[in-house]
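**Q** Pasting in a structure now, in structure tokens, and then I'll have a few things to ask.
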Amino acid sequence: MAFQANLELLPNIAKITISGELDASVAPAFRERIEEAAEASPKRLVLVMNDLEYMSSAGLRVLVFAKQKMGAGIDIYVVGAQPQVVEPIRQTGFHHSVVMLDSYDAERIENV
Amino acid sequence: MDRQVSAVIVDENAERRTRVSGHLIQRGYDVRVVSSAQAGLDALRQQPAQLVLMSVNVAGDDGVEALARIKANTNGDVASVIVMAAPSEMDKVITAIHRGADDYMLDPCSPELLDAQLAINLERKYMRDQQYARMRTVEKLAQCQRVGFTLNTALSTESNLEILLQNILRETMVLCNAGAGAVYTRSENDVLRMVAFLRRDEQNPMEFIALDSIPYPQVSMFDPDTGEAVKNNVIADVAHNAQTIAIDDIYESQDYDFSALIEFDRINNLRCQSCLVVPLMKDGSGHVMGVLQLFNAEDDQGRVVPFDSDSRLVAESLAMQAAVVINNHMLLQEREMLAKLENDIHIGRRIQSNFLPSYMPKVKGLEISARFRPAREVAGDFYDVFFMMNKRRVGFLIADVTDKGVGAALFMSLTRSLLRAFAMQTYNINWAESLFDDGPSGGRSGSSRLAISANALRTAVVNTNEYITEHHLELNMFATLFFGMLDPHSGSLMYINGGHCPPLVIGSNGIIKERLEPTGPAVGMFPGADFEIMETQLERGDFLLCYTDGVTDARDPSGKFYAETGLLNFIESAPLTTAQDLLDRLDLALRDHIREAVQFDDITMLALRRE
């Protein structure tokens, strides 16, 4: 499935829904969405990954970029990531930098 | 012809003047009447006419000069001259015809005969005008060819596309006598960007001024919201339909929205009127690469007129040239990019291969084997094997740097150098300390040596992480790595796994004894990150298999990953003999999996076996 990244700007929240396979060839598109999200200066970045089938280290690198771009005070939520996507995030220790949620918990996420 | 025929009567004979003009007016002609050759010339200068009826007596005297001047008009709009004479003046008629008169009329003559004669002459004039127009077109096309030739030669020296297009625009404007013009090129996302704009210099009409200070506008061919083709913009419409469009007065246009241009006029006190929009496409290709737009065609008197069919032909011919130029330029750019990419790959590959150990240290009781299969694009895998602790330990590491290309290769070399340097540095300090050790054996106790080893390992990784996060955090690059330090004598293995896929400890019976899971994050990701040291044991006959995710992420032609399960299945089924044999077989299994699919990532493997 082709990679897709859709940005949605809610009050105080930037929500990016990514799907398909995130590898080096499409990582720049994901990075652009992150940059657009950062421009809106949200208080929270939410990455919805329910339909993300694969993430290579290039994709992970964009997550690292997102963390750095948003700054320390902005929480990043990774929502609904499948095991094969969680694996590289955990393996590299990046799960310490983000909040990992199994499903979209509106109460918790949108209560900024 | 629907347009009113305009005639000038030049006659010193007042009675005939009135009679003939009355007849012509009755026939619907626009008639001006004068009594001298000079007045006739003045009248024609003010406004051209299709017909001149001239008394043979005027023609015979200073009229000869007037006749010559009427006929010498070079703008193609030459009036038909009919001399009027009495039957007794035939010799004068002959002279006049020699001097260029088109026909004669013997007076008095019947109105029917006059009508017939006028019709014949008008028809003849129409034919003559047509022929003249064709000649002029041929001439202009010949000129286009010359322009084309100079443009083609300019191609070899001028590589700036915008300057090239500006040159083409200038030539087109000269040939079409346009007051202003612009060129748009089409980008990959179907946006037409203005890349050149010229307008005639009012002070010096032979010169054109480029407008480069304004932000050049751009036109989307498709509505960004609805995705529908934009039709109300003439530039977008021409790009869609690949057809030339001429508009006599944009202020009157019903088809297109020119409000932006009209606003531009208002601010700059200009008046755009006629407009010609031509698609830029290669001959017969049908693919529109851009659009050429001309404004305000001027006639010889400097009045703004609609663009005629000649201009259209000329502009289309030059637009084809422009399309060829754009195409060549794109090919050139692609070639340059490709060359740069090849060069990148070449440099990256060289950096990478320079840093891979050219030989493996020979260690008693330990077999070490490595495989490195690079992807076509340079990725940042590397491995390293070296002695530590005065050859009492073997240090080895395998690492994977995110991203590809020269950047990744440089980052890889930096990481590798830092790790080695920090590992060696720690060792040297500790070795120096050991000289002053006052213990009874002159050496360290087992436990303090363990502490030193652990320290060496941790210092190398922590310092490397600190250096990278301090100096290169903005690169967002990181490396996953496994750094091990083995005592080949005892089989004791200390390691740090910085976010790397877990190496496998495999017993000689093929059973996987342990996965060496991460003990810290990837290196370069977090400032101040801590890396735990873990310890395990390699028994005699055990294998340690380290690999990068190029192994598990290897895809078959249908896109299926080899995955860790593929690796585990392989190990279960493979007969284990030596480290080299293990890697040979694994390499074969991977090749068998990938087959004709593209290998996207470096495949790197490092195997150790305690003998």
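Here, A, B, ... name the chains of the structure tokens in the order displayed, residue numbers run from 1 inside each chain, and ligands are numbered from 1 in the same displayed order.
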Where in segment 20-104 of chain A does DSSP assign alpha helix (DSSP H), given as a PyMOL selection string?
**A** chain A and resi 27-39+57-70+83-91
**Q** Can you pull out every residue within 12 Å of Asn160 of chain B, counting only C-alpha atoms, but drop anything in the same chain fewer than 6 positions away, and send it as a PyMOL selection string?
**A** chain B and resi 154+166-167+195-196+325-326+328-330+332-333
**Q** Can you spit out the residues from that selection as a CSV table (one decimal), in the first residue's frame, using C-alpha atoms?
**A**
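Once written, result.csv looks like this:
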```csv
chain,number,residue,atom,x,y,z
B,154,ALA,CA,23.5,29.5,-27.8
B,166,GLN,CA,14.1,35.2,-22.2
B,167,ASN,CA,16.0,35.3,-25.5
B,195,VAL,CA,10.1,32.4,-15.6
B,196,ALA,CA,10.6,35.4,-17.9
B,325,VAL,CA,15.1,24.3,-25.2
B,326,ILE,CA,13.2,23.4,-22.1
B,328,ASN,CA,17.1,19.8,-23.6
B,329,HIS,CA,17.6,21.6,-20.4
B,330,MET,CA,15.6,19.1,-18.4
B,332,LEU,CA,20.8,18.0,-19.1
B,333,GLN,CA,19.7,18.5,-15.5
```
**Q** Give as a PyMOL selection string every residue of chain A that touches chain B within 10 Å, counting only C-alpha atoms.
**A** chain A and resi 23-24+27+54+56-69+84+87-97
**Q** If you measure from atom CA of Val98 of chain A to atom CA of Ile496 of chain B, what distance in Å do you get, rounded to one decimal?
**A** 23.0 Å
**Q** For Ser41 of chain A, find every residue with an atom within 12 Å (counting only C-alpha atoms), except residues of its own chain fewer than 2 positions away, and show them as a list in words.
**A** Leu9, Leu10, Pro11, Asn12, Ile13, Ala14, Ile34, Glu35, Glu36, Ala37, Ala38, Glu39, Lys43, Arg44, Leu45, Lys69, Met70, Gly71, Gly73 and Ile74 of chain A
